[in-house]
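This is my_file_12.pdb. It holds PDB, C-alpha atoms.
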```pdb
ATOM      1  CA  MET A   1      46.314  17.412 -35.831
ATOM      2  CA  ILE A   2      48.900  14.658 -35.326
ATOM      3  CA  GLU A   3      47.259  11.235 -35.364
ATOM      4  CA  GLY A   4      46.548  10.073 -31.813
ATOM      5  CA  ILE A   5      47.081  13.470 -30.206
ATOM      6  CA  ILE A   6      44.199  15.044 -28.355
ATOM      7  CA  MET A   7      44.085  18.829 -28.479
ATOM      8  CA  PHE A   8      43.375  20.723 -25.263
ATOM      9  CA  ASN A   9      42.223  24.297 -24.833
ATOM     10  CA  GLU A  10      44.292  26.606 -22.635
ATOM     11  CA  ASN A  11      42.163  26.213 -19.485
ATOM     12  CA  GLU A  12      40.641  22.816 -20.233
ATOM     13  CA  LYS A  13      40.830  20.141 -17.570
ATOM     14  CA  PHE A  14      40.896  16.405 -18.187
ATOM     15  CA  LEU A  15      40.658  13.281 -16.081
ATOM     16  CA  VAL A  16      43.413  10.648 -15.858
ATOM     17  CA  ILE A  17      42.199   7.306 -14.511
ATOM     18  CA  ASP A  18      43.781   4.000 -13.554
ATOM     19  CA  THR A  19      42.341   0.709 -12.385
ATOM     20  CA  GLU A  20      43.685  -2.420 -10.779
ATOM     21  CA  THR A  21      41.652  -5.485 -11.626
ATOM     22  CA  CYS A  22      40.809  -9.026 -10.684
ATOM     23  CA  ASN A  23      39.280 -11.790 -12.818
ATOM     24  CA  THR A  24      40.678 -12.440 -16.305
ATOM     25  CA  ILE A  25      42.434 -10.135 -18.760
ATOM     26  CA  GLU A  26      39.476 -10.639 -21.139
ATOM     27  CA  GLN A  27      36.865  -9.759 -18.492
ATOM     28  CA  PRO A  28      38.660  -7.498 -15.999
ATOM     29  CA  LEU A  29      36.754  -6.247 -12.957
ATOM     30  CA  PRO A  30      38.289  -3.319 -11.050
ATOM     31  CA  TYR A  31      38.733  -3.491  -7.298
ATOM     32  CA  ASP A  32      40.827  -0.293  -7.232
ATOM     33  CA  ILE A  33      39.979   2.921  -9.099
ATOM     34  CA  GLY A  34      42.062   6.073  -8.872
ATOM     35  CA  TYR A  35      41.750   9.295 -10.829
ATOM     36  CA  ALA A  36      42.979  12.835 -10.968
ATOM     37  CA  ILE A  37      41.649  15.923 -12.690
ATOM     38  CA  CYS A  38      44.505  17.869 -14.282
ATOM     39  CA  ASP A  39      45.157  20.639 -16.776
ATOM     40  CA  ARG A  40      47.566  20.661 -19.697
ATOM     41  CA  ASN A  41      50.303  22.193 -17.559
ATOM     42  CA  GLY A  42      50.255  19.223 -15.182
ATOM     43  CA  LYS A  43      48.443  20.999 -12.345
ATOM     44  CA  ILE A  44      46.373  18.526 -10.349
ATOM     45  CA  TYR A  45      43.045  19.932  -9.126
ATOM     46  CA  LEU A  46      41.617  16.793  -7.548
ATOM     47  CA  GLU A  47      42.773  13.260  -6.703
ATOM     48  CA  ARG A  48      40.579  10.388  -5.590
ATOM     49  CA  SER A  49      41.310   6.769  -4.793
ATOM     50  CA  PHE A  50      38.616   4.151  -4.252
ATOM     51  CA  VAL A  51      38.376   0.490  -3.383
ATOM     52  CA  VAL A  52      35.353  -1.127  -5.037
ATOM     53  CA  ALA A  53      33.329  -2.717  -2.216
ATOM     54  CA  GLU A  54      31.528  -5.252  -4.435
ATOM     55  CA  MET A  55      34.838  -6.745  -5.588
ATOM     56  CA  PHE A  56      37.086  -6.200  -2.571
ATOM     57  CA  LEU A  57      34.625  -7.311   0.118
ATOM     58  CA  ASP A  58      32.115  -9.535  -1.635
ATOM     59  CA  ARG A  59      34.250 -11.395  -4.186
ATOM     60  CA  LYS A  60      37.230 -12.660  -2.198
ATOM     61  CA  ASP A  61      37.437 -15.589  -4.617
ATOM     62  CA  LEU A  62      38.093 -13.179  -7.520
ATOM     63  CA  MET A  63      40.451 -11.067  -5.431
ATOM     64  CA  GLN A  64      42.871 -14.008  -5.334
ATOM     65  CA  SER A  65      43.368 -13.471  -9.094
ATOM     66  CA  ALA A  66      44.224  -9.792  -8.620
ATOM     67  CA  TYR A  67      47.563  -8.665 -10.046
ATOM     68  CA  PHE A  68      48.465  -7.010  -6.726
ATOM     69  CA  ALA A  69      46.792  -9.694  -4.527
ATOM     70  CA  GLU A  70      49.802  -9.771  -2.211
ATOM     71  CA  LYS A  71      49.193  -6.068  -1.469
ATOM     72  CA  ILE A  72      45.633  -6.537  -0.172
ATOM     73  CA  PRO A  73      46.737  -5.959   3.453
ATOM     74  CA  ASN A  74      48.121  -2.559   2.359
ATOM     75  CA  TYR A  75      44.660  -1.612   1.098
ATOM     76  CA  TRP A  76      43.201  -2.063   4.590
ATOM     77  CA  GLU A  77      45.888   0.251   5.973
ATOM     78  CA  ASP A  78      45.141   2.844   3.241
ATOM     79  CA  ILE A  79      41.403   2.652   4.005
ATOM     80  CA  LYS A  80      42.118   3.048   7.722
ATOM     81  CA  ASN A  81      44.348   6.117   7.246
ATOM     82  CA  GLY A  82      42.051   7.742   4.649
ATOM     83  CA  THR A  83      44.330   7.386   1.606
ATOM     84  CA  ARG A  84      41.630   5.298  -0.092
ATOM     85  CA  GLU A  85      37.863   5.210   0.333
ATOM     86  CA  ILE A  86      35.867   2.015   0.140
ATOM     87  CA  LYS A  87      32.632   2.619  -1.776
ATOM     88  CA  SER A  88      30.170   0.806  -3.990
ATOM     89  CA  ILE A  89      30.817   1.037  -7.713
ATOM     90  CA  PHE A  90      27.576   3.012  -7.992
ATOM     91  CA  ASN A  91      28.807   5.664  -5.561
ATOM     92  CA  ILE A  92      32.229   5.757  -7.219
ATOM     93  CA  ARG A  93      30.570   6.318 -10.590
ATOM     94  CA  LYS A  94      28.289   8.982  -9.099
ATOM     95  CA  GLN A  95      31.288  10.794  -7.560
ATOM     96  CA  LEU A  96      33.273  10.628 -10.813
ATOM     97  CA  HIS A  97      30.319  12.029 -12.794
ATOM     98  CA  LYS A  98      29.928  14.857 -10.252
ATOM     99  CA  ASP A  99      33.649  15.660 -10.348
ATOM    100  CA  MET A 100      33.631  15.697 -14.145
ATOM    101  CA  LYS A 101      30.630  18.032 -14.153
ATOM    102  CA  ASP A 102      32.098  20.321 -11.477
ATOM    103  CA  PHE A 103      35.394  20.693 -13.394
ATOM    104  CA  ARG A 104      33.738  20.633 -16.862
ATOM    105  CA  VAL A 105      35.777  17.587 -17.907
ATOM    106  CA  LYS A 106      35.028  16.269 -21.402
ATOM    107  CA  LYS A 107      38.209  14.197 -21.978
ATOM    108  CA  VAL A 108      39.410  11.120 -20.120
ATOM    109  CA  GLY A 109      42.746   9.395 -20.507
ATOM    110  CA  ALA A 110      44.498   6.372 -19.100
ATOM    111  CA  TYR A 111      47.829   4.771 -19.767
ATOM    112  CA  ASN A 112      45.954   1.844 -21.343
ATOM    113  CA  MET A 113      42.576   3.459 -22.038
ATOM    114  CA  GLY A 114      41.065   0.507 -23.873
ATOM    115  CA  PHE A 115      41.694  -1.831 -20.946
ATOM    116  CA  ASP A 116      40.556   0.589 -18.232
ATOM    117  CA  LYS A 117      37.414   1.611 -20.119
ATOM    118  CA  ARG A 118      36.515  -2.056 -20.741
ATOM    119  CA  ALA A 119      37.153  -2.906 -17.060
ATOM    120  CA  LEU A 120      34.979  -0.039 -15.799
ATOM    121  CA  ASN A 121      32.139  -0.912 -18.181
ATOM    122  CA  ASN A 122      32.431  -4.578 -17.123
ATOM    123  CA  VAL A 123      32.161  -3.830 -13.408
ATOM    124  CA  ILE A 124      29.190  -1.466 -13.717
ATOM    125  CA  ARG A 125      27.372  -4.007 -15.909
ATOM    126  CA  TYR A 126      28.266  -6.874 -13.564
ATOM    127  CA  CYS A 127      27.126  -5.067 -10.417
ATOM    128  CA  SER A 128      23.967  -3.589 -11.967
ATOM    129  CA  LYS A 129      23.047  -6.837 -13.748
ATOM    130  CA  SER A 130      23.372  -4.844 -17.007
ATOM    131  CA  LEU A 131      20.851  -2.173 -16.010
ATOM    132  CA  ILE A 132      23.699   0.350 -16.351
ATOM    133  CA  ARG A 133      25.791  -0.289 -19.461
ATOM    134  CA  TRP A 134      28.401   2.493 -19.426
ATOM    135  CA  PHE A 135      30.627   3.800 -16.648
ATOM    136  CA  PHE A 136      31.404   7.234 -18.131
ATOM    137  CA  PRO A 137      28.918   9.959 -19.100
ATOM    138  CA  PHE A 138      27.805  10.108 -22.727
ATOM    139  CA  GLY A 139      29.840  12.279 -25.093
ATOM    140  CA  ILE A 140      33.224  11.920 -23.403
ATOM    141  CA  GLU A 141      36.337  11.863 -25.590
ATOM    142  CA  PHE A 142      38.896   9.211 -24.617
ATOM    143  CA  PHE A 143      42.652   9.129 -25.175
ATOM    144  CA  CYS A 144      45.304   6.500 -24.539
ATOM    145  CA  ILE A 145      48.434   7.940 -22.951
ATOM    146  CA  TRP A 146      50.467   4.846 -23.843
ATOM    147  CA  ASN A 147      49.710   5.255 -27.570
ATOM    148  CA  ILE A 148      50.458   8.982 -27.503
ATOM    149  CA  ASP A 149      53.680   8.363 -25.571
ATOM    150  CA  LYS A 150      54.783   5.747 -28.121
ATOM    151  CA  GLN A 151      53.972   8.014 -31.074
ATOM    152  CA  ILE A 152      55.701  11.071 -29.675
ATOM    153  CA  GLY A 153      58.739   9.012 -28.674
ATOM    154  CA  SER A 154      58.935   7.214 -32.014
ATOM    155  CA  PRO A 155      61.283   8.235 -34.845
ATOM    156  CA  LYS A 156      58.155   9.245 -36.783
ATOM    157  CA  PHE A 157      57.748  12.163 -34.355
ATOM    158  CA  SER A 158      61.361  12.708 -33.343
ATOM    159  CA  GLY A 159      61.388  16.020 -35.195
ATOM    160  CA  VAL A 160      58.211  17.364 -33.630
ATOM    161  CA  SER A 161      58.760  21.024 -32.895
ATOM    162  CA  PRO A 162      57.893  22.594 -29.548
ATOM    163  CA  SER A 163      55.942  25.114 -31.601
ATOM    164  CA  LEU A 164      53.351  22.374 -32.084
ATOM    165  CA  GLY A 165      52.871  22.672 -28.349
ATOM    166  CA  TRP A 166      53.014  19.021 -27.344
ATOM    167  CA  SER A 167      54.934  16.977 -24.859
ATOM    168  CA  VAL A 168      54.221  14.092 -22.538
ATOM    169  CA  VAL A 169      54.428  15.030 -18.903
ATOM    170  CA  ARG A 170      54.577  12.373 -16.212
ATOM    171  CA  VAL A 171      52.177  13.001 -13.406
ATOM    172  CA  SER A 172      53.100  10.972 -10.372
ATOM    173  CA  LEU A 173      49.826  10.082  -8.724
ATOM    174  CA  LYS A 174      50.510   8.527  -5.346
ATOM    175  CA  PHE A 175      47.391   6.382  -5.404
ATOM    176  CA  MET A 176      48.198   4.729  -8.742
ATOM    177  CA  PRO A 177      50.503   1.749  -8.427
ATOM    178  CA  SER A 178      51.310   1.681 -12.129
ATOM    179  CA  LEU A 179      53.085   4.268 -14.269
ATOM    180  CA  VAL A 180      50.665   6.973 -15.314
ATOM    181  CA  GLY A 181      51.221   9.995 -17.500
ATOM    182  CA  ALA A 182      49.154  12.906 -18.622
ATOM    183  CA  VAL A 183      49.206  14.576 -22.000
ATOM    184  CA  SER A 184      50.249  18.145 -21.690
ATOM    185  CA  GLY A 185      50.454  21.108 -24.020
ATOM    186  CA  VAL A 186      53.552  23.212 -23.564
TER     187      VAL A 186
END
```
Take the structure I supplied and represent it as structure tokens, if you would.
Amino acid sequence: MIEGIIMFNENEKFLVIDTETCNTIEQPLPYDIGYAICDRNGKIYLERSFVVAEMFLDRKDLMQSAYFAEKIPNYWEDIKNGTREIKSIFNIRKQLHKDMKDFRVKKVGAYNMGFDKRALNNVIRYCSKSLIRWFFPFGIEFFCIWNIDKQIGSPKFSGVSPSLGWSVVRVSLKFMPSLVGAVSGV
């Protein structure tokens, strides 16, 4: 296996997640969580987009530090038209766990997995007063799309043969404001 590449079975589905955060870069707290369940061919089976009620409604002071703070009015429009759902972090986590179980997802990726995983763990700990320590179910395998993208695009892997079965496919997820990709086997 090439270092940093996650292998996927033919019919295996995985989850791609993205967050938008407030607070500091060291202690990010998501106010926006979007995810999609995909397969290695880029087919999207499910998309969800949530606004975290505890941050968005209850912590307006922290929301002023949000990277996309100027877009907060757009969030209200998205909530109104059903593009995004406003839910508690507990209900978002519950829905994500159910979706992962329903689609038998065991692998989760993000363009900057370390940051998003830290942010999601921070917010569930913050809101539960540390009664819940981890956002994702136990036993999940994580992958960072940014690292894989850099490795595949680097001269080190410039000669990678299609027979290895790997490429990086961009999945344009309308609810994710940042660039997101999904690892795909060819």
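Nearest residue to A:Asn41, choosing from A:Arg118, A:Lys71, A:Lys13, A:Pro28 and counting all atoms listed in the file: A:Lys13.
Our summary of the geometry notes that atom CA of A:Cys22 is positioned 9.5 Å from atom CA of A:Arg59.
Using only C-alpha atoms, the nearest neighbour of A:Tyr45 within the list A:Leu15, A:Thr83, A:Glu26, A:Ile92 is A:Leu15.
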Report as a Markdown table: every residue of stretch 14-85 of chain A with an atom at most 10 Å from stretch 114-117 of chain A, its closest pair of atoms, and their distance in Å to one decimal, counting only C-alpha atoms, with rows sorted by chain and ascending residue number.
```
| residue | atom | partner | partner_atom | distance |
| --- | --- | --- | --- | --- |
| A:Ile17 | CA | A:Asp116 | CA | 7.9 |
| A:Asp18 | CA | A:Asp116 | CA | 6.6 |
| A:Thr19 | CA | A:Asp116 | CA | 6.1 |
| A:Glu20 | CA | A:Asp116 | CA | 8.6 |
| A:Thr21 | CA | A:Asp116 | CA | 9.0 |
| A:Ile25 | CA | A:Phe115 | CA | 8.6 |
| A:Glu26 | CA | A:Phe115 | CA | 9.1 |
| A:Gln27 | CA | A:Phe115 | CA | 9.6 |
| A:Pro28 | CA | A:Phe115 | CA | 8.1 |
| A:Leu29 | CA | A:Asp116 | CA | 9.4 |
| A:Pro30 | CA | A:Asp116 | CA | 8.5 |
| A:Ile33 | CA | A:Asp116 | CA | 9.4 |
```
| request: Around the point (28.5, 3.8, -5.3), in the coordinates given by the file, pick out the residues reaching within 12 Å, counting all atoms listed in the file, and return them as a ChimeraX atom specification. | output: /A:50-54,85-97,123-124,127-128,135
| query | How many Å lie between atom CA of A:Phe143 and atom CA of A:Gly109, rounded to one decimal? | reply | 4.7 Å
| task | Around the point (45.3, -10.9, -4.4), in the coordinates given by the file, pick out the residues reaching within 12 Å, counting all atoms listed in the file, and return them as number ranges by chain. | result | A: 20-23, 31-32, 55-56, 59-75
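The protein and nucleic acid residues lying at most 8 Å from A:Asn112 are Cys144, Ile145 and Trp146 of chain A, with all atoms listed in the file considered and sequence neighbours fewer than 6 positions away removed.
For the pair atom CA of A:Ser49 and atom CA of A:Lys106, the separation is 20.1 Å.
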Taking all atoms of stretch 82-91 of chain A that the file lists and extending 6 Å past them on each side, where is the centre of the axis-aligned box and how long are its edges? Answer in Å to one decimal, as lines of an AutoDock Vina configuration file.
```
center_x = 36.0
center_y = 4.3
center_z = -1.7
size_x = 28.8
size_y = 18.9
size_z = 24.6
```
Because the input lacks atoms here, generate N, CA and C atoms for stretch 21-47 of chain A and report them as a PDB file, in the frame of the given file.
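Just written: part_37.pdb:
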```
ATOM      1  N   THR A  21      42.763  -4.571 -11.379  1.00  0.00           N
ATOM      2  CA  THR A  21      41.652  -5.485 -11.626  1.00  0.00           C
ATOM      3  C   THR A  21      41.904  -6.891 -11.104  1.00  0.00           C
ATOM      4  N   CYS A  22      40.789  -7.600 -10.952  1.00  0.00           N
ATOM      5  CA  CYS A  22      40.809  -9.026 -10.684  1.00  0.00           C
ATOM      6  C   CYS A  22      40.057  -9.689 -11.840  1.00  0.00           C
ATOM      7  N   ASN A  23      39.917 -11.000 -11.775  1.00  0.00           N
ATOM      8  CA  ASN A  23      39.280 -11.790 -12.818  1.00  0.00           C
ATOM      9  C   ASN A  23      40.273 -11.978 -13.967  1.00  0.00           C
ATOM     10  N   THR A  24      39.791 -12.144 -15.177  1.00  0.00           N
ATOM     11  CA  THR A  24      40.678 -12.440 -16.305  1.00  0.00           C
ATOM     12  C   THR A  24      41.026 -11.172 -17.077  1.00  0.00           C
ATOM     13  N   ILE A  25      42.039 -11.264 -17.910  1.00  0.00           N
ATOM     14  CA  ILE A  25      42.434 -10.135 -18.760  1.00  0.00           C
ATOM     15  C   ILE A  25      41.330  -9.820 -19.774  1.00  0.00           C
ATOM     16  N   GLU A  26      40.564 -10.846 -20.181  1.00  0.00           N
ATOM     17  CA  GLU A  26      39.476 -10.639 -21.139  1.00  0.00           C
ATOM     18  C   GLU A  26      38.250  -9.997 -20.487  1.00  0.00           C
ATOM     19  N   GLN A  27      38.027 -10.281 -19.212  1.00  0.00           N
ATOM     20  CA  GLN A  27      36.865  -9.759 -18.492  1.00  0.00           C
ATOM     21  C   GLN A  27      37.310  -9.128 -17.169  1.00  0.00           C
ATOM     22  N   PRO A  28      38.151  -8.091 -17.228  1.00  0.00           N
ATOM     23  CA  PRO A  28      38.660  -7.498 -15.999  1.00  0.00           C
ATOM     24  C   PRO A  28      37.564  -6.797 -15.203  1.00  0.00           C
ATOM     25  N   LEU A  29      37.680  -6.898 -13.876  1.00  0.00           N
ATOM     26  CA  LEU A  29      36.754  -6.247 -12.957  1.00  0.00           C
ATOM     27  C   LEU A  29      37.580  -5.450 -11.952  1.00  0.00           C
ATOM     28  N   PRO A  30      37.475  -4.132 -11.953  1.00  0.00           N
ATOM     29  CA  PRO A  30      38.289  -3.319 -11.050  1.00  0.00           C
ATOM     30  C   PRO A  30      37.905  -3.482  -9.579  1.00  0.00           C
ATOM     31  N   TYR A  31      38.919  -3.562  -8.740  1.00  0.00           N
ATOM     32  CA  TYR A  31      38.733  -3.491  -7.298  1.00  0.00           C
ATOM     33  C   TYR A  31      39.364  -2.202  -6.762  1.00  0.00           C
ATOM     34  N   ASP A  32      40.110  -1.509  -7.610  1.00  0.00           N
ATOM     35  CA  ASP A  32      40.827  -0.293  -7.232  1.00  0.00           C
ATOM     36  C   ASP A  32      40.687   0.700  -8.386  1.00  0.00           C
ATOM     37  N   ILE A  33      40.154   1.879  -8.089  1.00  0.00           N
ATOM     38  CA  ILE A  33      39.979   2.921  -9.099  1.00  0.00           C
ATOM     39  C   ILE A  33      40.560   4.214  -8.537  1.00  0.00           C
ATOM     40  N   GLY A  34      41.499   4.794  -9.275  1.00  0.00           N
ATOM     41  CA  GLY A  34      42.062   6.073  -8.872  1.00  0.00           C
ATOM     42  C   GLY A  34      41.999   7.034 -10.046  1.00  0.00           C
ATOM     43  N   TYR A  35      41.747   8.304  -9.752  1.00  0.00           N
ATOM     44  CA  TYR A  35      41.750   9.295 -10.829  1.00  0.00           C
ATOM     45  C   TYR A  35      42.188  10.648 -10.318  1.00  0.00           C
ATOM     46  N   ALA A  36      42.601  11.457 -11.264  1.00  0.00           N
ATOM     47  CA  ALA A  36      42.979  12.835 -10.968  1.00  0.00           C
ATOM     48  C   ALA A  36      42.424  13.717 -12.068  1.00  0.00           C
ATOM     49  N   ILE A  37      42.048  14.919 -11.708  1.00  0.00           N
ATOM     50  CA  ILE A  37      41.649  15.923 -12.690  1.00  0.00           C
ATOM     51  C   ILE A  37      42.806  16.901 -12.792  1.00  0.00           C
ATOM     52  N   CYS A  38      43.294  17.085 -14.020  1.00  0.00           N
ATOM     53  CA  CYS A  38      44.505  17.869 -14.282  1.00  0.00           C
ATOM     54  C   CYS A  38      44.226  18.892 -15.380  1.00  0.00           C
ATOM     55  N   ASP A  39      45.187  19.786 -15.588  1.00  0.00           N
ATOM     56  CA  ASP A  39      45.157  20.639 -16.776  1.00  0.00           C
ATOM     57  C   ASP A  39      46.383  20.325 -17.624  1.00  0.00           C
ATOM     58  N   ARG A  40      46.496  20.976 -18.745  1.00  0.00           N
ATOM     59  CA  ARG A  40      47.566  20.661 -19.697  1.00  0.00           C
ATOM     60  C   ARG A  40      48.946  21.067 -19.210  1.00  0.00           C
ATOM     61  N   ASN A  41      49.014  21.824 -18.134  1.00  0.00           N
ATOM     62  CA  ASN A  41      50.303  22.193 -17.559  1.00  0.00           C
ATOM     63  C   ASN A  41      50.734  21.235 -16.453  1.00  0.00           C
ATOM     64  N   GLY A  42      49.917  20.210 -16.200  1.00  0.00           N
ATOM     65  CA  GLY A  42      50.255  19.223 -15.182  1.00  0.00           C
ATOM     66  C   GLY A  42      49.750  19.550 -13.795  1.00  0.00           C
ATOM     67  N   LYS A  43      48.998  20.647 -13.653  1.00  0.00           N
ATOM     68  CA  LYS A  43      48.443  20.999 -12.345  1.00  0.00           C
ATOM     69  C   LYS A  43      47.326  20.021 -12.002  1.00  0.00           C
ATOM     70  N   ILE A  44      47.390  19.465 -10.807  1.00  0.00           N
ATOM     71  CA  ILE A  44      46.373  18.526 -10.349  1.00  0.00           C
ATOM     72  C   ILE A  44      45.385  19.274  -9.465  1.00  0.00           C
ATOM     73  N   TYR A  45      44.102  19.240  -9.857  1.00  0.00           N
ATOM     74  CA  TYR A  45      43.045  19.932  -9.126  1.00  0.00           C
ATOM     75  C   TYR A  45      42.356  19.024  -8.112  1.00  0.00           C
ATOM     76  N   LEU A  46      42.340  17.726  -8.398  1.00  0.00           N
ATOM     77  CA  LEU A  46      41.617  16.793  -7.548  1.00  0.00           C
ATOM     78  C   LEU A  46      42.200  15.399  -7.738  1.00  0.00           C
ATOM     79  N   GLU A  47      42.356  14.663  -6.656  1.00  0.00           N
ATOM     80  CA  GLU A  47      42.773  13.260  -6.703  1.00  0.00           C
ATOM     81  C   GLU A  47      41.803  12.454  -5.856  1.00  0.00           C
TER      82      GLU A  47
END
```
